[in-house]
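K.L.:
Take this structure, written in structure tokens, and hold onto it; I'll ask about it next.
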Amino acid sequence: MAAIKRFPLLAAAVGLYGASAYAGYHAYRIYKAPAPPPGISDPSQQEVKHGVFDALAPEYDARISWDEWLMRLGTRRRDLVKQAYGNVLEVSAGTGRNLEYYASNKSIKEITLSDVSEPMLKKAYARMKHYLRELPASHFHIYDAENIPAEDGQFDTVIDTFGLCSCGSPVKALKEMARCCKKDGRVLLLEHGRGKYQFLNEALDKTAHGHADKWGCWWNRDIERIVDEAGLEIIEMERFHFGTTFWMIAKPKA
């Protein structure tokens, strides 16, 4: 009986050892990896990988759901979408992972979801059918975030979650978001990029090419600097996961 009682503790110890060994192995691999080329974090030096999203679309949600749950990104998405109101544009909407949060926000009167990837947007449209009764009028369009075919000041809220990492020019994309947002409106951002610690940023730089080839995004961009260069005024910002996840409420500068 005593041996049976000790089994969960032994299993936990073995699991912890395995996880530590796995993490240590990958940390060592990153440490021994060659230095990345100069300009590795500069968007102008990074290849756009839009085709990756087309290929990932059929299994994208299944592949990232565990990671998003572990990092509590659903909570971050929910809290960000709570700030949206009125006529809303989402750029880089992907497979529509924010739709369930739009459905519970009664301050939203109309939604336009856009993405440069048609296969991803088709997944979003399919997901939308689960929330038809709760959602306001919803539209789906294939838009490039850097060239949004919308009038100046057309939207009360413009939202982007994890899209700046895949734009050819994230500054241009943000300027477009600000242009089509009302002057007293909101630009809501949930992004990932460089963190607060140099050792972590070095790891992001060393693995940036491989990550971009696999996922289509460059996770080592300086998000705060990009937002500043785009001329947005940050009203509120929180950072998570050693500073690599950015939660922002911003607005166009007057």
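Chain labels run A, B, ... following the order of the structure tokens; each chain numbers its residues from 1, and ligands are numbered from 1 in the order shown.
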Do a neighbour search on region 131-142 of chain A at 10 Å with only C-alpha atoms, toss out local chain neighbours closer than 2 positions, and write the hits as an MDAnalysis selection string.
P.N.:
chainID A and resid 87:93 99:118 120:122 124:125 127:129 144:145 148:149
K.L.:
Please produce a file of those selected residues containing N, CA and C atoms, as a compact mmCIF listing (two decimals), in the first residue's frame.
P.N.:
# COMPACT_ATOMS: atom_id res chain seq x y z
N ASN A 87 -18.21 49.92 -34.83
CA ASN A 87 -17.86 49.27 -36.08
C ASN A 87 -16.41 48.81 -35.99
N VAL A 88 -16.18 47.49 -36.05
CA VAL A 88 -14.87 46.91 -35.76
C VAL A 88 -14.25 46.29 -37.00
N LEU A 89 -12.96 46.56 -37.21
CA LEU A 89 -12.17 45.88 -38.24
C LEU A 89 -11.10 45.06 -37.56
N GLU A 90 -11.02 43.78 -37.89
CA GLU A 90 -9.88 42.97 -37.45
C GLU A 90 -9.02 42.66 -38.66
N VAL A 91 -7.75 42.99 -38.58
CA VAL A 91 -6.80 42.64 -39.64
C VAL A 91 -6.02 41.41 -39.19
N SER A 92 -5.52 40.67 -40.17
CA SER A 92 -4.81 39.42 -39.88
C SER A 92 -5.63 38.54 -38.94
N ALA A 93 -6.90 38.37 -39.30
CA ALA A 93 -7.83 37.65 -38.43
C ALA A 93 -7.57 36.15 -38.39
N LEU A 99 -13.45 35.22 -32.50
CA LEU A 99 -14.88 35.28 -32.74
C LEU A 99 -15.72 35.02 -31.49
N GLU A 100 -15.32 34.07 -30.68
CA GLU A 100 -16.11 33.77 -29.48
C GLU A 100 -16.15 34.95 -28.51
N TYR A 101 -15.12 35.78 -28.55
CA TYR A 101 -15.08 36.95 -27.65
C TYR A 101 -15.89 38.11 -28.24
N TYR A 102 -15.90 38.23 -29.56
CA TYR A 102 -16.78 39.21 -30.18
C TYR A 102 -18.24 38.89 -29.87
N ALA A 103 -18.56 37.62 -29.86
CA ALA A 103 -19.95 37.19 -29.64
C ALA A 103 -20.49 37.62 -28.28
N SER A 104 -19.60 37.79 -27.31
CA SER A 104 -20.05 38.16 -25.96
C SER A 104 -19.93 39.65 -25.67
N ASN A 105 -19.46 40.43 -26.66
CA ASN A 105 -19.30 41.88 -26.49
C ASN A 105 -20.46 42.60 -27.19
N LYS A 106 -21.42 43.04 -26.42
CA LYS A 106 -22.62 43.66 -26.99
C LYS A 106 -22.40 45.12 -27.39
N SER A 107 -21.20 45.65 -27.13
CA SER A 107 -20.88 47.01 -27.56
C SER A 107 -20.47 47.06 -29.03
N ILE A 108 -20.26 45.90 -29.61
CA ILE A 108 -19.87 45.82 -31.02
C ILE A 108 -21.12 45.76 -31.89
N LYS A 109 -21.18 46.62 -32.88
CA LYS A 109 -22.36 46.71 -33.74
C LYS A 109 -22.15 46.04 -35.10
N GLU A 110 -20.91 45.98 -35.54
CA GLU A 110 -20.60 45.39 -36.85
C GLU A 110 -19.14 44.97 -36.85
N ILE A 111 -18.83 43.86 -37.53
CA ILE A 111 -17.46 43.35 -37.55
C ILE A 111 -17.06 43.03 -38.99
N THR A 112 -15.84 43.44 -39.33
CA THR A 112 -15.22 43.02 -40.59
C THR A 112 -13.94 42.27 -40.25
N LEU A 113 -13.88 41.00 -40.65
CA LEU A 113 -12.66 40.21 -40.45
C LEU A 113 -11.91 40.13 -41.77
N SER A 114 -10.61 40.39 -41.71
CA SER A 114 -9.82 40.39 -42.94
C SER A 114 -8.51 39.64 -42.72
N ASP A 115 -8.00 39.10 -43.81
CA ASP A 115 -6.70 38.42 -43.77
C ASP A 115 -6.18 38.32 -45.19
N VAL A 116 -4.88 38.25 -45.33
CA VAL A 116 -4.28 38.13 -46.66
C VAL A 116 -4.36 36.69 -47.16
N SER A 117 -4.59 35.73 -46.24
CA SER A 117 -4.64 34.32 -46.60
C SER A 117 -6.09 33.86 -46.76
N GLU A 118 -6.47 33.49 -47.97
CA GLU A 118 -7.84 33.02 -48.21
C GLU A 118 -8.15 31.72 -47.46
N MET A 120 -7.01 30.66 -44.61
CA MET A 120 -7.21 30.98 -43.19
C MET A 120 -8.56 31.65 -42.98
N LEU A 121 -8.91 32.58 -43.88
CA LEU A 121 -10.16 33.31 -43.72
C LEU A 121 -11.37 32.38 -43.92
N LYS A 122 -11.23 31.39 -44.78
CA LYS A 122 -12.29 30.40 -44.94
C LYS A 122 -12.52 29.62 -43.64
N ALA A 124 -12.04 30.89 -40.70
CA ALA A 124 -12.73 31.84 -39.83
C ALA A 124 -14.22 31.88 -40.16
N TYR A 125 -14.53 31.85 -41.45
CA TYR A 125 -15.94 31.88 -41.86
C TYR A 125 -16.67 30.64 -41.35
N ARG A 127 -15.87 28.92 -38.70
CA ARG A 127 -15.99 29.05 -37.24
C ARG A 127 -17.13 30.00 -36.88
N MET A 128 -17.34 31.03 -37.69
CA MET A 128 -18.37 32.02 -37.42
C MET A 128 -19.75 31.39 -37.27
N LYS A 129 -20.00 30.29 -37.98
CA LYS A 129 -21.31 29.65 -37.96
C LYS A 129 -21.70 29.16 -36.57
N ASP A 144 -4.86 42.90 -47.54
CA ASP A 144 -3.47 43.02 -47.09
C ASP A 144 -3.45 44.11 -46.03
N ALA A 145 -2.93 43.81 -44.85
CA ALA A 145 -2.93 44.79 -43.76
C ALA A 145 -2.18 46.06 -44.12
N ILE A 148 -5.20 48.59 -46.75
CA ILE A 148 -6.58 48.31 -46.37
C ILE A 148 -7.53 49.17 -47.21
N PRO A 149 -8.41 48.56 -47.99
CA PRO A 149 -9.33 49.33 -48.84
C PRO A 149 -10.51 49.86 -48.02
K.L.:
Hey, what does DSSP flag as alpha helix (DSSP H) within region 163-209 of chain A? Can you give it to me as a list in words?
P.N.:
Pro170, Val171, Lys172, Ala173, Leu174, Lys175, Glu176, Met177, Ala178, Arg179, Gln198, Phe199, Leu200, Asn201, Glu202, Ala203, Leu204, Asp205, Lys206, Thr207, Ala208 and His209 of chain A
K.L.:
Can you list, as a PyMOL selection string, every protein, DNA or RNA residue that comes within 8 Å of region 153-157 of chain A when you count only C-alpha atoms, leaving out same-chain residues fewer than 4 positions away?
P.N.:
chain A and resi 84-89+179-188
K.L.:
Mind listing the strand (DSSP E) residues of region 28-253 of chain A, per DSSP on the backbone, as a PyMOL selection string?
P.N.:
chain A and resi 86-91+108-115+137-142+155-161+181-192+232-240+245-252
